[in-house]
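Data block below; observations after.
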Amino acid sequence: MKEYNFSEAEPRWRKHWEDTKAHQTDFSNDEKKLYVLEMFSYPSGDKLHNGHWYNYGPSDTWARFKKMQGFNIFQPMGFDAFGLPAENFAIKTGTHPKDSTEKNTKIMVEQLKQIGAMYNWEKTLNTSKPEYYKWNQWLFLKLYEKGLAYKAEAPVNWCPKDQTVLANEQVKDGCCDRCGTEVIRKNLSQWFFKITDYADELLEKLETINWPEKTKKMQTEWIGKSIGSEIEFEIKGTEKTFKVFTTRPDTLFGATYCTLAPEHKLVDEITIPENVEAVKSYREQVAKISEIERLSTTREKTGVFSGSYAINPINGEEIPIWISDYVLVTYGTGAVMAVPAHDERDFEFAKVFDLPIRKVILQKGTNKDDELFEAYTDSGTLVNSSEFDGLENVEAKAKITEKLASNDKGEAKINFRLRDWLVSRQRYWGTPIPIIYCEACGVVPVPEKDLPVELPYDVEFAPDGGSPLAKHEGFKNATCPTCGKNATREADTLDTFVCSSWYQFRYPSSERTDVPFGKEITEKWLPVDQYVGGAEHATMHLLYARFITKALRDLGYLNFDEPFLSLVHQGTILGEDGRKMSKSFGNVKSPEPYIKQYGSDVFRVYLMFNFGFIDGGPWDDTQIKSINKFVRRLYTAVQTGIWAFEGEDSFTESKEEKSARGNLIFTLHNSIKGVLEDTERFQFNTSIARIMELVNETYKYFNLPQENQNPETIREVLTKLVLIFAPFAPHISEEMWQQLGNSDSVFKERLPEFNPEKLKKDVVELVLQVNGKIRNKVEMERNTSKDQVEEMALADEKIKSFTEGKQIVKVIVVPNKLVNIVVR
C-alpha cells in the first residue's frame, strides 16, 4: 500500500496547477461567473500567521466547492502594500519601505501558494506600484472634478507617535488603533472626500445586499440618520446667532441652557473677558481628548461658562451658554439646546453645574410637579409649554416647528452622524495627492497625462509632524501646468483606504495601462459575488468601497450600485491568551511548523474543523494530530478499496451484509447532503464532520470479508468521498483521484448530488407493542411484507412472555413503523 508523502506531493501538485494554468479564468464566459474575493493582505514585515490562513484557506475551499458545482471562478489575490504598517516596519529596521515591501511580498506569495488556493496570479496587484497608484490619483482627480474632493481646515485626530492624522474610525477608546498612543485634536488643512453626499443611498441600499445583519446595523448607526428640526438662537446683546439641530423640538420649552463645542467658531466671540482664561484652559484640556472618548456615556461631564446668554426663540427666555466637550463641532451644528429633564447627557451636566431642570414632557401616570431623578426620554404629553400644553409630543414636534418656521427661527431638517472622509496623511509611504499649488493659479490638479505623480525613493521619512515629501526638493518643486510658473506640489499622501476602495474593479483589468478598469469586462464580472474578510472593516473599508462605487457610477464608469453582493466575515483567531494575535503580545502563531510537520492540507482541514468559520476563537492545536490521523485514514481507505476498481463485480451477500451496505449507502448520501448544504453556508466544521462519519462507515464495511463486499458500492463511495473532500484538501485529493484511475484533475469534476430516496434506510426499526404498550424494538428490512412482520412479532421471545396463555384478538401492522398485538 502506497504511503502518502505530503512534502513531495503538495509541491508537485502546485507545480502541476501552475504548469497547466488550472486556475486561469475564462473571462469570455460569464454565464455562470462567480467572482470570489478575500480582503488582501498587508506585506508590512510579518509573514502570514494563522489568522491569515484562517481567512484564505476556508475561503478557497468555498471557491473550489463552487467550481465543482460548475461555476466559472475568478479568485485573485493582491497586496495592500502602502500605509503605516510598512512604513513603521521600515523605520524600525532601517530598511526602505519599498525594499521591505517588495521582499515581504515575494515571501508572502510563496506562503499563499502553500495554501493551495486557486488564486489567479496573472491578475495580481500591488498598491505601492506606480501602475496601480496612478489610478488612485486618477480617481482623486475625477472626484475633484465632480466636487467630491475638497480641502478644508478642520479639527482632526492626531497620533503623536505616528505623526499623522487618523480618521474617526481609526481611533479606538481614545487611542490610535495602530500603536495604542493617546490621540489628540488639532486643526489642520486637509483633503476630504464628500461621502456625506451619499449618506441617504448608503443607508437605503443596505437592504439590497446579502451582508451580515450586524454589519448592516453598524453602518446604519455610523451613518446615523436623524429626522428633526434646525432652530436658530440669538445671542443676547449682539446680532450674532447660532443654530442647533434637535430630534426633539417638542422639548424646546424645557431648554434651560445651551452648549457649544469648544472648537465652535463663536466661542472666542461670545466669551466675556473675565472668563477668557478659563475657557482657554478648558479648550487646551479638551484638545487632548479624542472624539470617541468625548462621546463616552460613562465619562463625567465637564464644561465652562462663556458668560453670554442665548434667547430661546419659542418663549424669549434668556438661557446661559456653556462650553462643553460632550458637544462635537463635527456633528450637527456644533451647538445644542440643553433640555436636562429629557436628555441624559444634559441631565448629568445640569446636575454637575447645578443648572435648572424643567419638565415639559409628562410621563403617563405621573404629575408635572413630581421630582425627576433621571431624564425622561420617551413619549408623553406636553406640560409647561404654553399653548402646546396637552398635545402628545409627536404632534407637538410638528406644531412647534411650524411656529418657529413662521417666525423664520427654525425648519424641519434631516441630519447625519456621518462625516466626510478625511483622506490626507502626513506620511511618506502612500499615494501622492495629484495637486499643485500655484501663486498665480491657485489649486491646480495635475493633468491626467502627467500621471502617475511618482513617489521619490530618496526621502527622509522618519515622522516629525510634517509631511516627509515636503522636505524633498525634487518632489516639492514643480511647474504649474496652467501658467508654467514655479509651483509647489501637495506633500500629503492619500489614506490607504483609497487603495482598497476600488481594487475589486482593477483585478480583472490589472494588465491594462490605458484605463483603471475595462468597461466590458467590468460590466460582465462585477460586482463581486462573494466577499470575505474581517468585521473590523464595517465602518471603514466596506463603507468607503460602497461610496466610491456609487461615485464612479454617477461619473459614468460603472453600471451597478454596490461593490460586494454577498459578504461573509471570518471570525478572529486569537492567541492562546485570548487576545488578538500580535507581536507586541508575543502570542502570534506561525503556520510554518505545522505545515512542515503535517502538510498544508492537514492544516487547512484542522482550521476548518476546529473553529466555526464565522466565530473563530483562541488558538488551540491539541486536535491537529487527530486531524492528521483522519486525513491519513481517509487516504488509506482509498488505498484499501482500489481493488474494487480493478477486479470483477462478483460478490455474495448475506442479510447482515446487505444491511451493512445499506447503512453505507445511507451515510454516503447523508454526508453528501450535509457537505453541500453546510459548505454553501461556510459551515466547514460540520461539513468535515459528515465526511468523518462517511469514512467511519466505510471502514465498517471494509471489515466484512472482501468476497462479501459489493465492488460497485465501493467504487461509488470512494469516488464520491474523494469528490466531496477535494475542496477541503486539494493536494491529497488530486493524488487520490489519480490513484482511482483518473487522469484529469479532480477539480474538473462535478460534486455529486444526494438521492433523497437513499436517505431512507433499507433497515427500519419496528416498535413491538402488546395492548398498546411498547415491549420491544427490532430491526427489519424496509417494506417487509405484512405476513412476515406479523410472523416475526409473534415469534419474538420478549413478546411471547406477554402473550403466552392469552387469546390473540388481532395483530395491527403499521408498515415500517410498529406492530401492536391485542390480547385478552
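In the C-alpha cells, chains take letters A, B, ... by order of appearance, with residues numbered from 1 within each chain and ligands from 1 in the order shown.
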> Could you pull out all residues of segment 619-822 of chain A with a DSSP call of strand (DSSP E) and give them as a PyMOL selection string?
Replying inline: chain A and resi 763-770+773-781+808-814+818-822
> Hey, what does DSSP flag as alpha helix (DSSP H) within segment 516-663 of chain A? Can you give it to me as a PyMOL selection string?
Replying inline: chain A and resi 519-525+541-554+592-598+600-610+624-641+655-663
>> I'd like the neighbourhood of Ser659 of chain A as a list in words, where a residue qualifies if any of its atoms comes within 12 Å (using only C-alpha atoms), though same-chain residues fewer than 6 positions away should be ignored.
In response: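 In the requested format, the answer is Glu653, Ile665, Phe666, Lys700, Tyr701, Leu704, Asn708, Gln709, Lys761, Asp762, Val763, Val764, Glu779, Met780, Glu781 and Arg782 of chain A.
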> Can you list, as JSON, numbers by chain, every protein, DNA or RNA residue that comes within 8 Å of Arg248 of chain A when you count only C-alpha atoms, leaving out same-chain residues fewer than 3 positions away?
Replying inline: {"A": [228, 229, 251, 252, 397]}
Counting only C-alpha atoms, what is within 10 Å of segment 624-637 of chain A, bar same-chain residues fewer than 5 positions away, as an mmCIF file with C-alpha atoms, in the first residue's frame?
data_model
loop_
_atom_site.group_PDB
_atom_site.id
_atom_site.type_symbol
_atom_site.label_atom_id
_atom_site.label_comp_id
_atom_site.auth_asym_id
_atom_site.auth_seq_id
_atom_site.Cartn_x
_atom_site.Cartn_y
_atom_site.Cartn_z
ATOM 1 C CA MET A 1 0.000 0.000 0.000
ATOM 2 C CA LYS A 2 1.454 3.349 -1.099
ATOM 3 C CA GLU A 3 2.098 5.767 1.776
ATOM 4 C CA TYR A 4 1.240 9.419 1.231
ATOM 5 C CA TYR A 594 2.506 22.769 11.368
ATOM 6 C CA GLN A 597 5.148 18.532 10.184
ATOM 7 C CA TYR A 598 1.733 17.742 8.703
ATOM 8 C CA GLY A 599 1.400 19.493 5.325
ATOM 9 C CA ASP A 601 -3.926 20.058 3.568
ATOM 10 C CA VAL A 602 -4.000 18.829 7.154
ATOM 11 C CA PHE A 603 -3.551 22.377 8.413
ATOM 12 C CA ARG A 604 -6.411 23.625 6.223
ATOM 13 C CA VAL A 605 -8.731 20.876 7.406
ATOM 14 C CA TYR A 606 -7.717 21.468 11.010
ATOM 15 C CA LEU A 607 -8.529 25.183 10.837
ATOM 16 C CA PHE A 609 -12.828 21.682 11.700
ATOM 17 C CA ASN A 610 -11.552 23.117 14.976
ATOM 18 C CA ILE A 642 -8.630 0.269 -5.028
ATOM 19 C CA ILE A 691 -17.101 13.298 5.862
ATOM 20 C CA MET A 692 -15.675 11.758 9.029
ATOM 21 C CA LEU A 694 -18.652 8.500 5.969
ATOM 22 C CA VAL A 695 -15.048 7.387 6.477
ATOM 23 C CA ASN A 696 -16.033 5.552 9.666
ATOM 24 C CA THR A 698 -16.644 2.850 5.038
ATOM 25 C CA TYR A 699 -14.235 1.126 7.384
ATOM 26 C CA PHE A 702 -14.307 -2.924 4.817
ATOM 27 C CA LEU A 718 -14.777 6.134 -2.720
ATOM 28 C CA LEU A 721 -15.827 10.580 -0.964
ATOM 29 C CA VAL A 722 -12.807 11.996 -2.799
ATOM 30 C CA PHE A 725 -13.305 16.056 0.272
ATOM 31 C CA ALA A 729 -7.783 19.270 0.986
ATOM 32 C CA ILE A 732 -4.155 14.906 -1.381
ATOM 33 C CA SER A 733 -7.484 14.757 -3.191
ATOM 34 C CA GLU A 735 -3.443 12.337 -5.505
ATOM 35 C CA MET A 736 -6.311 10.045 -4.526
#
Report as JSON lines: every residue of segment 305-411 of chain A with an atom at most 12 Å from segment 140-157 of chain A, its closest pair of atoms, and their distance in Å to one decimal, counting only C-alpha atoms, with rows sorted by chain and ascending residue number.
{"residue": "A:Leu328", "atom": "CA", "partner": "A:Pro155", "partner_atom": "CA", "distance": 10.2}
{"residue": "A:Val329", "atom": "CA", "partner": "A:Pro155", "partner_atom": "CA", "distance": 8.5}
{"residue": "A:Thr330", "atom": "CA", "partner": "A:Pro155", "partner_atom": "CA", "distance": 8.2}
{"residue": "A:Tyr331", "atom": "CA", "partner": "A:Pro155", "partner_atom": "CA", "distance": 11.9}
Name all residues at most 8 Å from segment 333-347 of chain A (count only C-alpha atoms; drop same-chain ones fewer than 3 positions away) and give them as a tab-separated table (two decimals) with N, CA, C and O atoms, in the first residue's frame.
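File written: part10.tsv
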chain	number	residue	atom	x	y	z
A	242	PHE	N	-26.78	81.47	16.48
A	242	PHE	CA	-26.25	80.13	16.17
A	242	PHE	C	-27.43	79.18	16.02
A	242	PHE	O	-28.53	79.45	16.52
A	243	LYS	N	-27.21	78.08	15.33
A	243	LYS	CA	-28.27	77.12	15.08
A	243	LYS	C	-27.96	75.81	15.80
A	243	LYS	O	-26.81	75.44	15.97
A	244	VAL	N	-29.03	75.14	16.20
A	244	VAL	CA	-28.89	73.81	16.79
A	244	VAL	C	-29.75	72.85	15.99
A	244	VAL	O	-30.79	73.25	15.43
A	245	PHE	N	-29.33	71.60	15.92
A	245	PHE	CA	-30.18	70.56	15.35
A	245	PHE	C	-30.67	69.68	16.48
A	245	PHE	O	-29.90	69.29	17.36
A	246	THR	N	-31.97	69.38	16.47
A	246	THR	CA	-32.54	68.53	17.51
A	246	THR	C	-33.60	67.61	16.93
A	246	THR	O	-34.33	68.00	16.00
A	251	THR	N	-39.42	69.51	23.02
A	251	THR	CA	-38.91	69.81	24.37
A	251	THR	C	-38.32	71.21	24.47
A	251	THR	O	-37.67	71.54	25.46
A	252	LEU	N	-38.53	72.04	23.46
A	252	LEU	CA	-37.87	73.35	23.41
A	252	LEU	C	-38.18	74.22	24.63
A	252	LEU	O	-37.31	74.96	25.11
A	254	GLY	N	-38.33	73.27	27.50
A	254	GLY	CA	-37.54	72.75	28.63
A	254	GLY	C	-36.07	73.08	28.54
A	254	GLY	O	-35.28	72.67	29.40
A	255	ALA	N	-35.67	73.84	27.51
A	255	ALA	CA	-34.25	74.21	27.37
A	255	ALA	C	-33.89	75.21	28.46
A	255	ALA	O	-34.45	76.31	28.53
A	256	THR	N	-32.91	74.87	29.32
A	256	THR	CA	-32.52	75.77	30.40
A	256	THR	C	-31.10	76.29	30.23
A	256	THR	O	-30.64	77.12	31.01
A	257	TYR	N	-30.41	75.82	29.21
A	257	TYR	CA	-29.10	76.36	28.83
A	257	TYR	C	-28.77	75.85	27.43
A	257	TYR	O	-29.45	74.95	26.90
A	258	CYS	N	-27.79	76.43	26.81
A	258	CYS	CA	-27.26	75.95	25.52
A	258	CYS	C	-25.79	75.58	25.71
A	258	CYS	O	-25.12	76.10	26.61
A	259	THR	N	-25.32	74.70	24.86
A	259	THR	CA	-23.92	74.27	24.95
A	259	THR	C	-23.27	74.34	23.58
A	259	THR	O	-23.85	73.86	22.58
A	260	LEU	N	-22.07	74.93	23.53
A	260	LEU	CA	-21.28	74.97	22.30
A	260	LEU	C	-20.09	74.03	22.44
A	260	LEU	O	-19.54	73.85	23.53
A	261	ALA	N	-19.70	73.45	21.32
A	261	ALA	CA	-18.46	72.67	21.30
A	261	ALA	C	-17.28	73.60	21.54
A	261	ALA	O	-17.31	74.77	21.11
A	264	HIS	N	-16.13	75.48	18.52
A	264	HIS	CA	-17.09	76.29	17.77
A	264	HIS	C	-16.52	77.69	17.52
A	264	HIS	O	-15.91	78.30	18.40
A	297	THR	N	-20.48	57.62	27.32
A	297	THR	CA	-21.61	57.89	28.22
A	297	THR	C	-21.22	57.75	29.69
A	297	THR	O	-21.97	58.17	30.57
A	301	LYS	N	-19.18	64.64	33.07
A	301	LYS	CA	-19.35	65.84	32.26
A	301	LYS	C	-18.50	67.00	32.80
A	301	LYS	O	-18.41	67.21	34.02
A	326	TYR	N	-18.81	67.46	25.51
A	326	TYR	CA	-19.74	66.42	25.06
A	326	TYR	C	-20.48	66.85	23.80
A	326	TYR	O	-21.24	66.06	23.21
A	327	VAL	N	-20.27	68.08	23.37
A	327	VAL	CA	-20.79	68.57	22.09
A	327	VAL	C	-19.62	68.59	21.09
A	327	VAL	O	-18.54	69.08	21.41
A	328	LEU	N	-19.86	68.04	19.90
A	328	LEU	CA	-18.81	67.95	18.88
A	328	LEU	C	-19.08	68.95	17.76
A	328	LEU	O	-20.20	69.03	17.26
A	329	VAL	N	-18.06	69.67	17.36
A	329	VAL	CA	-18.22	70.63	16.28
A	329	VAL	C	-18.44	69.92	14.95
A	329	VAL	O	-18.97	70.49	13.99
A	330	THR	N	-18.02	68.63	14.87
A	330	THR	CA	-18.15	67.87	13.63
A	330	THR	C	-19.51	67.19	13.49
A	330	THR	O	-19.77	66.52	12.50
A	350	ALA	N	-26.31	69.19	33.94
A	350	ALA	CA	-27.06	70.11	34.81
A	350	ALA	C	-26.85	69.77	36.28
A	350	ALA	O	-26.75	70.67	37.14
A	351	LYS	N	-26.76	68.49	36.60
A	351	LYS	CA	-26.53	68.08	37.99
A	351	LYS	C	-25.15	68.51	38.46
A	351	LYS	O	-24.97	68.97	39.60
A	356	PRO	N	-30.89	74.61	36.12
A	356	PRO	CA	-32.31	74.27	36.26
A	356	PRO	C	-32.71	73.06	35.41
A	356	PRO	O	-32.19	72.85	34.31
A	357	ILE	N	-33.65	72.27	35.95
A	357	ILE	CA	-34.20	71.12	35.24
A	357	ILE	C	-35.70	71.30	35.19
A	357	ILE	O	-36.37	71.29	36.24
A	358	ARG	N	-36.25	71.50	33.99
A	358	ARG	CA	-37.67	71.81	33.84
A	358	ARG	C	-38.36	70.72	33.02
A	358	ARG	O	-38.02	70.48	31.87
A	359	LYS	N	-39.36	70.09	33.63
A	359	LYS	CA	-40.09	69.02	32.96
A	359	LYS	C	-41.09	69.63	31.97
A	359	LYS	O	-41.88	70.50	32.32
A	360	VAL	N	-41.06	69.14	30.72
A	360	VAL	CA	-42.04	69.60	29.72
A	360	VAL	C	-42.74	68.44	29.01
A	360	VAL	O	-43.66	68.66	28.21
A	361	ILE	N	-42.30	67.21	29.28
A	361	ILE	CA	-42.98	66.02	28.76
A	361	ILE	C	-43.43	65.20	29.96
A	361	ILE	O	-42.61	64.79	30.79
A	372	LEU	N	-37.77	64.80	39.26
A	372	LEU	CA	-37.10	63.88	38.33
A	372	LEU	C	-35.77	63.43	38.91
A	372	LEU	O	-34.95	64.26	39.32
A	374	GLU	N	-33.98	61.15	37.09
A	374	GLU	CA	-33.24	60.87	35.87
A	374	GLU	C	-34.01	61.48	34.71
A	374	GLU	O	-35.19	61.81	34.85
A	375	ALA	N	-33.34	61.62	33.58
A	375	ALA	CA	-34.01	62.22	32.43
A	375	ALA	C	-35.08	61.27	31.90
A	375	ALA	O	-34.86	60.05	31.79
A	376	TYR	N	-36.24	61.83	31.56
A	376	TYR	CA	-37.29	61.04	30.93
A	376	TYR	C	-37.23	61.31	29.43
A	376	TYR	O	-37.46	62.44	28.97
A	377	THR	N	-36.90	60.29	28.63
A	377	THR	CA	-36.61	60.50	27.22
A	377	THR	C	-37.65	59.91	26.28
A	377	THR	O	-37.49	59.98	25.06
I'd like the neighbourhood of segment 475-490 of chain A as a compact mmCIF listing (two decimals) with N, CA, C and O atoms, in the first residue's frame, where a residue qualifies if any of its atoms comes within 10 Å (using only C-alpha atoms), though same-chain residues fewer than 5 positions away should be ignored.
# COMPACT_ATOMS: atom_id res chain seq x y z
N PRO A 432 0.90 59.83 -3.60
CA PRO A 432 0.96 61.30 -3.62
C PRO A 432 -0.35 61.89 -4.15
O PRO A 432 -0.92 61.38 -5.12
N ILE A 433 -0.82 62.93 -3.49
CA ILE A 433 -2.06 63.59 -3.93
C ILE A 433 -1.73 64.46 -5.15
O ILE A 433 -0.83 65.31 -5.09
N PRO A 434 -2.42 64.26 -6.27
CA PRO A 434 -2.05 64.93 -7.53
C PRO A 434 -2.55 66.37 -7.63
O PRO A 434 -3.39 66.71 -8.47
N ILE A 435 -2.02 67.21 -6.76
CA ILE A 435 -2.43 68.62 -6.71
C ILE A 435 -1.16 69.49 -6.69
O ILE A 435 -0.17 69.16 -6.02
N ILE A 436 -1.22 70.60 -7.41
CA ILE A 436 -0.13 71.58 -7.45
C ILE A 436 -0.69 72.92 -6.98
O ILE A 436 -1.81 73.30 -7.32
N TYR A 437 0.12 73.65 -6.18
CA TYR A 437 -0.28 74.96 -5.69
C TYR A 437 0.54 76.03 -6.39
O TYR A 437 1.78 76.02 -6.33
N CYS A 438 -0.16 76.92 -7.07
CA CYS A 438 0.49 77.99 -7.83
C CYS A 438 0.01 79.33 -7.28
O CYS A 438 -1.19 79.53 -7.07
N GLU A 439 0.95 80.25 -7.04
CA GLU A 439 0.57 81.56 -6.51
C GLU A 439 -0.35 82.31 -7.46
O GLU A 439 -1.22 83.06 -7.05
N ALA A 440 -0.17 82.06 -8.76
CA ALA A 440 -0.98 82.77 -9.75
C ALA A 440 -2.31 82.08 -10.01
O ALA A 440 -3.34 82.72 -10.17
N CYS A 441 -2.29 80.74 -10.05
CA CYS A 441 -3.48 79.99 -10.48
C CYS A 441 -4.23 79.33 -9.33
O CYS A 441 -5.33 78.81 -9.52
N GLY A 442 -3.62 79.30 -8.15
CA GLY A 442 -4.28 78.66 -7.02
C GLY A 442 -4.07 77.16 -7.00
O GLY A 442 -2.98 76.66 -7.29
N VAL A 443 -5.14 76.43 -6.69
CA VAL A 443 -5.09 74.96 -6.62
C VAL A 443 -5.27 74.41 -8.03
O VAL A 443 -6.30 74.64 -8.68
N VAL A 444 -4.27 73.67 -8.50
CA VAL A 444 -4.29 73.15 -9.87
C VAL A 444 -4.15 71.63 -9.86
O VAL A 444 -3.15 71.11 -9.35
N PRO A 445 -5.12 70.90 -10.39
CA PRO A 445 -4.98 69.44 -10.46
C PRO A 445 -3.93 69.04 -11.50
O PRO A 445 -3.80 69.70 -12.54
N VAL A 446 -3.19 68.02 -11.20
CA VAL A 446 -2.20 67.50 -12.15
C VAL A 446 -2.95 66.93 -13.36
O VAL A 446 -3.90 66.16 -13.19
N PRO A 447 -2.56 67.28 -14.58
CA PRO A 447 -3.24 66.72 -15.77
C PRO A 447 -3.11 65.20 -15.81
O PRO A 447 -2.08 64.64 -15.40
N ASP A 450 -0.02 63.48 -17.10
CA ASP A 450 1.20 63.53 -16.28
C ASP A 450 1.18 62.51 -15.14
O ASP A 450 2.11 62.49 -14.32
N VAL A 453 2.01 60.75 -10.54
CA VAL A 453 2.97 61.54 -9.78
C VAL A 453 3.69 60.53 -8.90
O VAL A 453 3.11 59.99 -7.96
N GLU A 454 4.93 60.24 -9.23
CA GLU A 454 5.62 59.12 -8.58
C GLU A 454 6.21 59.51 -7.23
O GLU A 454 6.64 60.64 -7.01
N LEU A 455 6.21 58.54 -6.38
CA LEU A 455 6.78 58.69 -5.04
C LEU A 455 8.30 58.58 -5.15
O LEU A 455 8.81 57.56 -5.62
N PRO A 456 9.05 59.61 -4.75
CA PRO A 456 10.51 59.51 -4.84
C PRO A 456 11.06 58.52 -3.83
O PRO A 456 10.47 58.29 -2.77
N VAL A 459 13.84 59.75 0.28
CA VAL A 459 13.09 60.64 1.17
C VAL A 459 13.41 60.27 2.61
O VAL A 459 13.49 59.10 2.97
N SER A 467 4.79 66.58 6.62
CA SER A 467 4.76 65.59 5.56
C SER A 467 6.17 65.37 5.03
O SER A 467 6.82 66.33 4.61
N LEU A 469 7.32 64.33 2.29
CA LEU A 469 7.54 64.76 0.90
C LEU A 469 7.81 66.25 0.81
O LEU A 469 8.41 66.72 -0.17
N ALA A 470 7.40 67.02 1.82
CA ALA A 470 7.64 68.47 1.81
C ALA A 470 9.12 68.79 1.95
O ALA A 470 9.57 69.89 1.61
